[in-house]
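**Student:** Next comes the structure file final_14.pdb, holding PDB, C-alpha atoms, pLDDT in the B column.
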MODEL        1
ATOM      1  CA  MET A   1     -18.149  21.152  13.537  1.00 85.00           C
ATOM      2  CA  GLN A   2     -15.066  23.011  12.331  1.00 91.00           C
ATOM      3  CA  LEU A   3     -11.383  22.097  12.358  1.00 95.00           C
ATOM      4  CA  LYS A   4      -9.017  24.967  13.148  1.00 95.00           C
ATOM      5  CA  ILE A   5      -5.217  25.084  13.230  1.00 95.00           C
ATOM      6  CA  ASP A   6      -3.450  26.903  16.042  1.00 95.00           C
ATOM      7  CA  PRO A   7      -1.172  29.708  14.738  1.00 94.00           C
ATOM      8  CA  ALA A   8       1.810  28.357  16.710  1.00 92.00           C
ATOM      9  CA  LEU A   9       1.639  25.150  14.674  1.00 93.00           C
ATOM     10  CA  ALA A  10       1.098  27.007  11.425  1.00 89.00           C
ATOM     11  CA  ASP A  11       4.190  29.122  12.106  1.00 91.00           C
ATOM     12  CA  LEU A  12       6.527  26.103  12.033  1.00 93.00           C
ATOM     13  CA  GLY A  13       6.833  26.315   8.264  1.00 90.00           C
ATOM     14  CA  ILE A  14       5.676  22.779   7.451  1.00 93.00           C
ATOM     15  CA  ALA A  15       2.810  21.772   5.191  1.00 94.00           C
ATOM     16  CA  LEU A  16      -0.425  21.301   7.145  1.00 96.00           C
ATOM     17  CA  ASN A  17      -2.809  19.452   4.856  1.00 96.00           C
ATOM     18  CA  ILE A  18      -5.279  18.045   7.358  1.00 96.00           C
ATOM     19  CA  GLY A  19      -8.256  16.112   6.045  1.00 96.00           C
ATOM     20  CA  MET A  20     -11.553  15.703   7.900  1.00 97.00           C
ATOM     21  CA  LEU A  21     -14.277  13.388   6.594  1.00 97.00           C
ATOM     22  CA  ASP A  22     -17.668  12.811   8.240  1.00 96.00           C
ATOM     23  CA  TYR A  23     -19.877   9.739   7.836  1.00 96.00           C
ATOM     24  CA  ASP A  24     -22.925   7.996   9.207  1.00 96.00           C
ATOM     25  CA  VAL A  25     -21.608   4.490   9.854  1.00 96.00           C
ATOM     26  CA  LYS A  26     -22.649   1.024  10.993  1.00 95.00           C
ATOM     27  CA  VAL A  27     -20.028  -0.385  13.342  1.00 96.00           C
ATOM     28  CA  ALA A  28     -19.666  -4.159  13.150  1.00 96.00           C
ATOM     29  CA  ALA A  29     -17.108  -6.933  12.962  1.00 96.00           C
ATOM     30  CA  SER A  30     -15.015  -6.785   9.815  1.00 96.00           C
ATOM     31  CA  THR A  31     -16.220  -8.921   6.925  1.00 95.00           C
ATOM     32  CA  ASP A  32     -14.270 -11.534   4.985  1.00 95.00           C
ATOM     33  CA  SER A  33     -14.006  -9.030   2.133  1.00 95.00           C
ATOM     34  CA  LEU A  34     -12.327  -6.479   4.377  1.00 96.00           C
ATOM     35  CA  PHE A  35      -9.933  -9.081   5.774  1.00 96.00           C
ATOM     36  CA  THR A  36      -9.004 -10.026   2.199  1.00 96.00           C
ATOM     37  CA  THR A  37      -8.370  -6.374   1.366  1.00 95.00           C
ATOM     38  CA  MET A  38      -6.197  -6.036   4.479  1.00 95.00           C
ATOM     39  CA  ARG A  39      -4.104  -9.087   3.581  1.00 95.00           C
ATOM     40  CA  GLU A  40      -3.570  -7.789   0.056  1.00 95.00           C
ATOM     41  CA  ALA A  41      -2.546  -4.358   1.362  1.00 95.00           C
ATOM     42  CA  MET A  42      -0.050  -5.867   3.820  1.00 95.00           C
ATOM     43  CA  SER A  43       1.545  -7.909   1.047  1.00 95.00           C
ATOM     44  CA  LEU A  44       1.778  -4.876  -1.234  1.00 94.00           C
ATOM     45  CA  ARG A  45       3.321  -2.739   1.514  1.00 94.00           C
ATOM     46  CA  ILE A  46       5.986  -5.368   2.227  1.00 94.00           C
ATOM     47  CA  ASP A  47       6.842  -5.535  -1.480  1.00 94.00           C
ATOM     48  CA  GLU A  48       6.867  -1.731  -1.724  1.00 92.00           C
ATOM     49  CA  LEU A  49       9.466  -1.259   1.001  1.00 92.00           C
ATOM     50  CA  MET A  50      11.662  -4.116  -0.279  1.00 86.00           C
ATOM     51  CA  GLY A  51      13.251  -4.887   3.069  1.00 85.00           C
ATOM     52  CA  GLU A  52      13.814  -1.255   4.071  1.00 91.00           C
ATOM     53  CA  ALA A  53      12.699   0.133   7.428  1.00 91.00           C
ATOM     54  CA  ALA A  54       9.276   1.761   7.746  1.00 93.00           C
ATOM     55  CA  SER A  55      10.984   5.096   8.464  1.00 93.00           C
ATOM     56  CA  SER A  56      12.516   5.022   4.967  1.00 93.00           C
ATOM     57  CA  ASP A  57       9.104   5.685   3.442  1.00 95.00           C
ATOM     58  CA  PRO A  58       9.115   9.361   2.349  1.00 96.00           C
ATOM     59  CA  VAL A  59       5.670  10.062   3.825  1.00 97.00           C
ATOM     60  CA  ILE A  60       6.546   8.531   7.191  1.00 97.00           C
ATOM     61  CA  ALA A  61       9.880  10.379   7.112  1.00 97.00           C
ATOM     62  CA  GLY A  62       7.948  13.622   6.598  1.00 96.00           C
ATOM     63  CA  ILE A  63       5.739  12.913   9.602  1.00 97.00           C
ATOM     64  CA  ARG A  64       8.790  12.122  11.721  1.00 97.00           C
ATOM     65  CA  GLU A  65      10.306  15.473  10.772  1.00 97.00           C
ATOM     66  CA  ALA A  66       7.047  17.199  11.726  1.00 97.00           C
ATOM     67  CA  PHE A  67       7.266  15.573  15.161  1.00 97.00           C
ATOM     68  CA  ARG A  68      10.804  16.896  15.579  1.00 96.00           C
ATOM     69  CA  LYS A  69       9.656  20.397  14.704  1.00 96.00           C
ATOM     70  CA  THR A  70       6.784  20.293  17.204  1.00 96.00           C
ATOM     71  CA  GLY A  71       9.161  19.042  19.901  1.00 95.00           C
ATOM     72  CA  LYS A  72       8.707  15.250  20.104  1.00 96.00           C
ATOM     73  CA  ASP A  73      11.318  12.559  19.458  1.00 96.00           C
ATOM     74  CA  PRO A  74       9.782  10.323  16.737  1.00 96.00           C
ATOM     75  CA  SER A  75      11.992   7.408  17.744  1.00 93.00           C
ATOM     76  CA  ARG A  76      10.360   7.362  21.202  1.00 94.00           C
ATOM     77  CA  TYR A  77       6.909   8.481  20.047  1.00 95.00           C
ATOM     78  CA  ARG A  78       6.498   6.867  16.648  1.00 96.00           C
ATOM     79  CA  PRO A  79       3.793   8.144  14.293  1.00 97.00           C
ATOM     80  CA  SER A  80       0.961   5.628  14.257  1.00 97.00           C
ATOM     81  CA  SER A  81       1.459   4.977  10.531  1.00 97.00           C
ATOM     82  CA  GLU A  82       5.072   4.007  11.202  1.00 97.00           C
ATOM     83  CA  ALA A  83       4.072   1.782  14.113  1.00 96.00           C
ATOM     84  CA  ILE A  84       1.520  -0.132  12.053  1.00 97.00           C
ATOM     85  CA  THR A  85       3.932  -0.464   9.114  1.00 97.00           C
ATOM     86  CA  ARG A  86       6.626  -1.816  11.439  1.00 96.00           C
ATOM     87  CA  ARG A  87       4.169  -4.431  12.718  1.00 95.00           C
ATOM     88  CA  VAL A  88       3.374  -5.553   9.196  1.00 96.00           C
ATOM     89  CA  LEU A  89       7.048  -5.713   8.193  1.00 95.00           C
ATOM     90  CA  ALA A  90       7.753  -7.793  11.311  1.00 94.00           C
ATOM     91  CA  GLY A  91       5.058 -10.276  10.277  1.00 92.00           C
ATOM     92  CA  LYS A  92       2.716  -9.383  13.145  1.00 92.00           C
ATOM     93  CA  GLY A  93      -0.141  -8.215  10.944  1.00 89.00           C
ATOM     94  CA  ILE A  94      -2.947  -5.856  11.963  1.00 91.00           C
ATOM     95  CA  SER A  95      -5.181  -6.664  14.914  1.00 90.00           C
ATOM     96  CA  SER A  96      -8.865  -6.404  14.020  1.00 94.00           C
ATOM     97  CA  ILE A  97     -10.974  -4.054  16.171  1.00 95.00           C
ATOM     98  CA  ASN A  98     -14.080  -3.351  14.112  1.00 97.00           C
ATOM     99  CA  ASN A  99     -14.838  -2.446  10.514  1.00 97.00           C
ATOM    100  CA  VAL A 100     -14.333   1.316  11.014  1.00 97.00           C
ATOM    101  CA  VAL A 101     -11.055   1.128  12.935  1.00 97.00           C
ATOM    102  CA  ASP A 102      -9.763  -1.571  10.583  1.00 97.00           C
ATOM    103  CA  CYS A 103     -10.443   0.710   7.606  1.00 97.00           C
ATOM    104  CA  GLY A 104      -8.564   3.515   9.350  1.00 97.00           C
ATOM    105  CA  ASN A 105      -5.584   1.256   9.985  1.00 97.00           C
ATOM    106  CA  LEU A 106      -5.714   0.137   6.373  1.00 97.00           C
ATOM    107  CA  VAL A 107      -5.615   3.732   5.087  1.00 97.00           C
ATOM    108  CA  SER A 108      -2.669   4.465   7.372  1.00 97.00           C
ATOM    109  CA  LEU A 109      -0.772   1.386   6.180  1.00 97.00           C
ATOM    110  CA  MET A 110      -1.462   2.011   2.494  1.00 96.00           C
ATOM    111  CA  THR A 111      -0.594   5.716   2.494  1.00 97.00           C
ATOM    112  CA  GLY A 112       1.861   6.243   5.369  1.00 97.00           C
ATOM    113  CA  ILE A 113      -0.387   8.967   6.806  1.00 98.00           C
ATOM    114  CA  PRO A 114      -1.500   8.703  10.453  1.00 98.00           C
ATOM    115  CA  VAL A 115      -5.281   8.771  10.740  1.00 98.00           C
ATOM    116  CA  GLY A 116      -7.767   9.128  13.570  1.00 97.00           C
ATOM    117  CA  CYS A 117     -11.221   7.540  13.799  1.00 98.00           C
ATOM    118  CA  TYR A 118     -13.418   9.349  16.327  1.00 98.00           C
ATOM    119  CA  ASP A 119     -17.014   9.026  17.512  1.00 98.00           C
ATOM    120  CA  THR A 120     -18.441  12.404  16.518  1.00 97.00           C
ATOM    121  CA  ASP A 121     -20.974  12.363  19.341  1.00 97.00           C
ATOM    122  CA  LYS A 122     -18.129  12.223  21.883  1.00 97.00           C
ATOM    123  CA  ILE A 123     -16.446  15.373  20.532  1.00 97.00           C
ATOM    124  CA  ASN A 124     -17.524  18.560  22.302  1.00 96.00           C
ATOM    125  CA  GLY A 125     -17.531  21.654  20.086  1.00 95.00           C
ATOM    126  CA  ASP A 126     -15.074  22.575  17.366  1.00 96.00           C
ATOM    127  CA  ILE A 127     -11.687  20.882  16.940  1.00 97.00           C
ATOM    128  CA  THR A 128      -8.324  22.641  17.129  1.00 97.00           C
ATOM    129  CA  LEU A 129      -5.050  21.112  15.972  1.00 97.00           C
ATOM    130  CA  LYS A 130      -2.289  22.478  18.191  1.00 97.00           C
ATOM    131  CA  ILE A 131       1.006  21.610  19.869  1.00 97.00           C
ATOM    132  CA  ALA A 132       0.422  20.212  23.359  1.00 96.00           C
ATOM    133  CA  GLY A 133       2.017  22.139  26.199  1.00 95.00           C
ATOM    134  CA  PRO A 134       3.736  21.113  29.457  1.00 95.00           C
ATOM    135  CA  GLY A 135       1.656  18.903  31.721  1.00 93.00           C
ATOM    136  CA  GLU A 136      -0.924  17.963  29.097  1.00 95.00           C
ATOM    137  CA  LEU A 137      -1.775  14.273  29.032  1.00 94.00           C
ATOM    138  CA  TYR A 138      -4.596  11.836  28.546  1.00 95.00           C
ATOM    139  CA  GLU A 139      -5.195   8.130  28.950  1.00 94.00           C
ATOM    140  CA  GLY A 140      -4.291   6.539  25.649  1.00 92.00           C
ATOM    141  CA  LEU A 141      -5.918   3.480  24.130  1.00 90.00           C
ATOM    142  CA  GLY A 142      -3.970   0.568  25.594  1.00 84.00           C
ATOM    143  CA  ARG A 143      -1.113   2.850  26.680  1.00 83.00           C
ATOM    144  CA  GLY A 144      -2.042   4.362  30.029  1.00 88.00           C
ATOM    145  CA  ASP A 145      -1.217   8.036  30.492  1.00 93.00           C
ATOM    146  CA  VAL A 146       0.382   9.598  27.399  1.00 94.00           C
ATOM    147  CA  ASN A 147       2.692  12.593  27.834  1.00 95.00           C
ATOM    148  CA  LEU A 148       1.361  14.891  25.119  1.00 96.00           C
ATOM    149  CA  GLU A 149       3.869  17.741  25.467  1.00 96.00           C
ATOM    150  CA  GLY A 150       5.360  18.520  22.062  1.00 96.00           C
ATOM    151  CA  LEU A 151       2.917  16.366  20.109  1.00 97.00           C
ATOM    152  CA  PRO A 152       0.453  17.714  17.558  1.00 97.00           C
ATOM    153  CA  VAL A 153      -2.919  17.134  19.239  1.00 97.00           C
ATOM    154  CA  LEU A 154      -6.591  17.458  18.399  1.00 98.00           C
ATOM    155  CA  ALA A 155      -8.491  19.234  21.176  1.00 97.00           C
ATOM    156  CA  ASP A 156     -12.153  20.101  21.667  1.00 97.00           C
ATOM    157  CA  ASP A 157     -13.891  22.113  24.398  1.00 96.00           C
ATOM    158  CA  THR A 158     -13.113  19.348  26.905  1.00 96.00           C
ATOM    159  CA  GLY A 159      -9.423  19.041  26.026  1.00 96.00           C
ATOM    160  CA  PRO A 160      -7.072  16.882  23.904  1.00 97.00           C
ATOM    161  CA  PHE A 161      -8.477  13.647  22.524  1.00 97.00           C
ATOM    162  CA  GLY A 162      -6.337  12.561  19.578  1.00 97.00           C
ATOM    163  CA  THR A 163      -2.832  12.625  18.128  1.00 97.00           C
ATOM    164  CA  PRO A 164      -1.005  11.067  15.162  1.00 97.00           C
ATOM    165  CA  TYR A 165       0.767   8.956  17.809  1.00 96.00           C
ATOM    166  CA  SER A 166      -2.004   7.429  19.951  1.00 94.00           C
ATOM    167  CA  ASP A 167      -5.617   8.380  20.622  1.00 94.00           C
ATOM    168  CA  SER A 168      -7.398   8.802  23.952  1.00 96.00           C
ATOM    169  CA  ILE A 169      -9.997   6.542  25.529  1.00 96.00           C
ATOM    170  CA  ARG A 170     -12.549   9.383  25.398  1.00 96.00           C
ATOM    171  CA  THR A 171     -13.569   9.413  21.726  1.00 97.00           C
ATOM    172  CA  PRO A 172     -12.967   5.956  20.214  1.00 96.00           C
ATOM    173  CA  VAL A 173     -15.243   4.274  17.702  1.00 97.00           C
ATOM    174  CA  GLY A 174     -17.077   1.531  19.579  1.00 95.00           C
ATOM    175  CA  PRO A 175     -20.177  -0.598  18.956  1.00 95.00           C
ATOM    176  CA  ASP A 176     -22.580   2.278  19.688  1.00 95.00           C
ATOM    177  CA  CYS A 177     -20.948   4.781  17.320  1.00 96.00           C
ATOM    178  CA  THR A 178     -23.210   5.989  14.497  1.00 96.00           C
ATOM    179  CA  LYS A 179     -21.336   9.102  13.350  1.00 97.00           C
ATOM    180  CA  LEU A 180     -17.660   9.035  12.380  1.00 97.00           C
ATOM    181  CA  THR A 181     -15.160  11.882  12.224  1.00 97.00           C
ATOM    182  CA  PHE A 182     -12.177  10.652  10.224  1.00 98.00           C
ATOM    183  CA  ILE A 183      -8.978  12.719  10.386  1.00 98.00           C
ATOM    184  CA  LEU A 184      -5.970  12.483   8.057  1.00 98.00           C
ATOM    185  CA  PHE A 185      -2.901  13.974   9.764  1.00 98.00           C
ATOM    186  CA  GLY A 186      -1.214  15.441   6.670  1.00 97.00           C
ATOM    187  CA  LEU A 187       1.732  16.947   8.552  1.00 97.00           C
ATOM    188  CA  ASN A 188       4.654  17.822   6.280  1.00 96.00           C
ATOM    189  CA  ILE A 189       2.934  15.964   3.419  1.00 96.00           C
ATOM    190  CA  ASP A 190       1.911  17.392   0.059  1.00 95.00           C
ATOM    191  CA  ILE A 191      -1.748  18.043  -0.634  1.00 96.00           C
ATOM    192  CA  GLU A 192      -1.927  15.621  -3.574  1.00 97.00           C
ATOM    193  CA  HIS A 193      -0.964  12.673  -1.385  1.00 97.00           C
ATOM    194  CA  VAL A 194      -3.476  13.641   1.290  1.00 97.00           C
ATOM    195  CA  GLU A 195      -6.232  14.002  -1.304  1.00 97.00           C
ATOM    196  CA  ALA A 196      -5.383  10.554  -2.698  1.00 97.00           C
ATOM    197  CA  ALA A 197      -5.493   9.119   0.828  1.00 97.00           C
ATOM    198  CA  ALA A 198      -8.893  10.757   1.390  1.00 97.00           C
ATOM    199  CA  GLU A 199     -10.204   9.054  -1.751  1.00 97.00           C
ATOM    200  CA  ILE A 200      -8.942   5.685  -0.494  1.00 97.00           C
ATOM    201  CA  ALA A 201     -10.563   6.319   2.884  1.00 97.00           C
ATOM    202  CA  ASP A 202     -13.857   7.278   1.262  1.00 97.00           C
ATOM    203  CA  THR A 203     -13.878   4.122  -0.860  1.00 96.00           C
ATOM    204  CA  LEU A 204     -13.109   1.848   2.098  1.00 97.00           C
ATOM    205  CA  ILE A 205     -15.525   3.453   4.539  1.00 97.00           C
ATOM    206  CA  THR A 206     -18.341   3.595   1.984  1.00 96.00           C
ATOM    207  CA  SER A 207     -17.769  -0.045   1.032  1.00 95.00           C
ATOM    208  CA  PHE A 208     -17.240  -1.608   4.444  1.00 96.00           C
ATOM    209  CA  CYS A 209     -18.789   0.726   7.035  1.00 96.00           C
ATOM    210  CA  ILE A 210     -21.925   1.950   5.288  1.00 90.00           C
ATOM    211  CA  ASN A 211     -22.645  -0.832   2.797  1.00 68.00           C
ATOM    212  CA  ASN A 212     -22.068  -4.509   3.499  1.00 59.00           C
ATOM    213  CA  GLY A 213     -18.547  -5.275   2.323  1.00 53.00           C
ATOM    214  CA  ASP A 214     -19.457  -8.812   1.250  1.00 51.00           C
ATOM    215  CA  GLU A 215     -21.937  -7.349  -1.229  1.00 43.00           C
ATOM    216  CA  VAL A 216     -19.586  -4.838  -2.877  1.00 36.00           C
TER     217      VAL A 216
ENDMDL
END
Would you mind writing the structure in this file as structure tokens?
**Tutor:**
Amino acid sequence: MQLKIDPALADLGIALNIGMLDYDVKVAASTDSLFTTMREAMSLRIDELMGEAASSDPVIAGIREAFRKTGKDPSRYRPSSEAITRRVLAGKGISSINNVVDCGNLVSLMTGIPVGCYDTDKINGDITLKIAGPGELYEGLGRGDVNLEGLPVLADDTGPFGTPYSDSIRTPVGPDCTKLTFILFGLNIDIEHVEAAAEIADTLITSFCINNGDEV
């Protein structure tokens, strides 16, 4: 499976450092070790921002600017990394889904980069990152129909399935998932930060989604 970038997106003049990692995984409930790691990360993120808004983070600010350039208002359609950081700053924490999704949320919180966790077997053909056009939509996870126009979207042969705002119900990581495609949406973010985020993702997924986190 290949990841391609549509020329119209590449022509916007922003950095497009998109990471794609592939794993064989064991989907399960998150372990106590992962919950401990999540609590520590939330505390560190709160200390890091020192009372400032999530949008003040330079990485999140870069993503917001990328949304503006593609044609979406980031105050109405917040990048997922901003949304999760806002939840943590408001004391709402991170809802646990499963070990894989929780690791994705953790990477997003720690780095400010939106990520996508997708069941590889539900993706049809190669992936293209593009700007969604008029009339494009899908049913988002817990959101109903999402108006995709102006958002950067991941699309396969069937159509759009993921964005750095909210993913579709077609390709989520559920109990039966055995192969993971993990995407780092490095939009308007320097390559060094994306590479560091990929290393964090690799450590977390290897520890908690392949090995047993309570044994690491």
**Student:** I'd like to know which of A:Val88, A:Cys117, A:Ile123, A:Ile169 is closest to A:Glu40, using all atoms listed in the file.
**Tutor:**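 Closest residue, counting all atoms listed in the file: A:Val88.
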**Student:** Translate the PyMOL selection byres ((chain A and resi 130) around 7), as applied to the file shown, into an explicit residue set as a list of chain:residue names.
**Tutor:**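 After applying the PyMOL selection byres ((chain A and resi 130) around 7), what remains is A:Ile5, A:Asp6, A:Leu9, A:Thr128, A:Leu129, A:Ile131, A:Ala132, A:Pro152, A:Val153, A:Leu154.
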**Student:** From the options A:Thr181, A:Asn188, A:Ser166, A:Asn124, which residue's atoms come nearest to A:Leu137, counting all atoms listed in the file?
**Tutor:** A:Ser166
**Student:** So, counting all atoms listed in the file, which residue among A:Ser168, A:Gly13, A:Gly125, A:Thr36 is closest to A:Asp145?
**Tutor:**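 The answer is A:Ser168, which sits nearest to A:Asp145.
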**Student:** Under the rule that only C-alpha atoms are counted, which of A:Gly186, A:Phe208, A:Ala53, A:Leu151 is the nearest residue to A:Ser33?
**Tutor:** A:Phe208
**Student:** Counting only C-alpha atoms, figure out which residue out of A:Arg143, A:Lys72, A:Arg170, A:Lys26 gets nearest to A:Ala155.
**Tutor:**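 Nearest candidate to A:Ala155 out of A:Arg143, A:Lys72, A:Arg170, A:Lys26: A:Arg170.
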**Student:** Applied to this file, what does the PyMOL selection byres ((chain A and resi 194) around 8) return in terms of residues, put as a list in words?
**Tutor:**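 So the PyMOL selection byres ((chain A and resi 194) around 8), applied here, picks out Asn17, Ile18, Gly19, Ile113, Leu184, Gly186, Ile189, Asp190, Ile191, Glu192, His193, Glu195, Ala196, Ala197 and Ala198 of chain A.
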**Student:** Enclose all atoms of stretch 57-66 of chain A listed in the file in an axis-aligned box, grow every side by 5 Å, and hand back centre and edge lengths in Å to one decimal, as AutoDock Vina command-line options.
**Tutor:**
--center_x 8.0 --center_y 11.4 --center_z 7.0 --size_x 14.6 --size_y 21.5 --size_z 19.4
**Student:** Go through the shown structure with the PyMOL selection byres ((chain A and resi 82) around 12) and write out the matching residues as a ChimeraX atom specification.
**Tutor:** /A:45,53-64,74-81,83-89,105,108-115,164-166
**Student:** For A:Asp126, list every protein, DNA or RNA residue within 7 Å, evaluated using only C-alpha atoms, and leave out those in the same chain fewer than 4 positions away; present the list as a PyMOL selection string.
**Tutor:** chain A and resi 1-3+156
**Student:** Kindly indicate which residue among A:Tyr138, A:Tyr23, A:Tyr118, A:Phe67 lies nearest to A:Gly174, using all atoms listed in the file for the distances.
**Tutor:**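 Of all the options, A:Tyr118 lies closest to A:Gly174.
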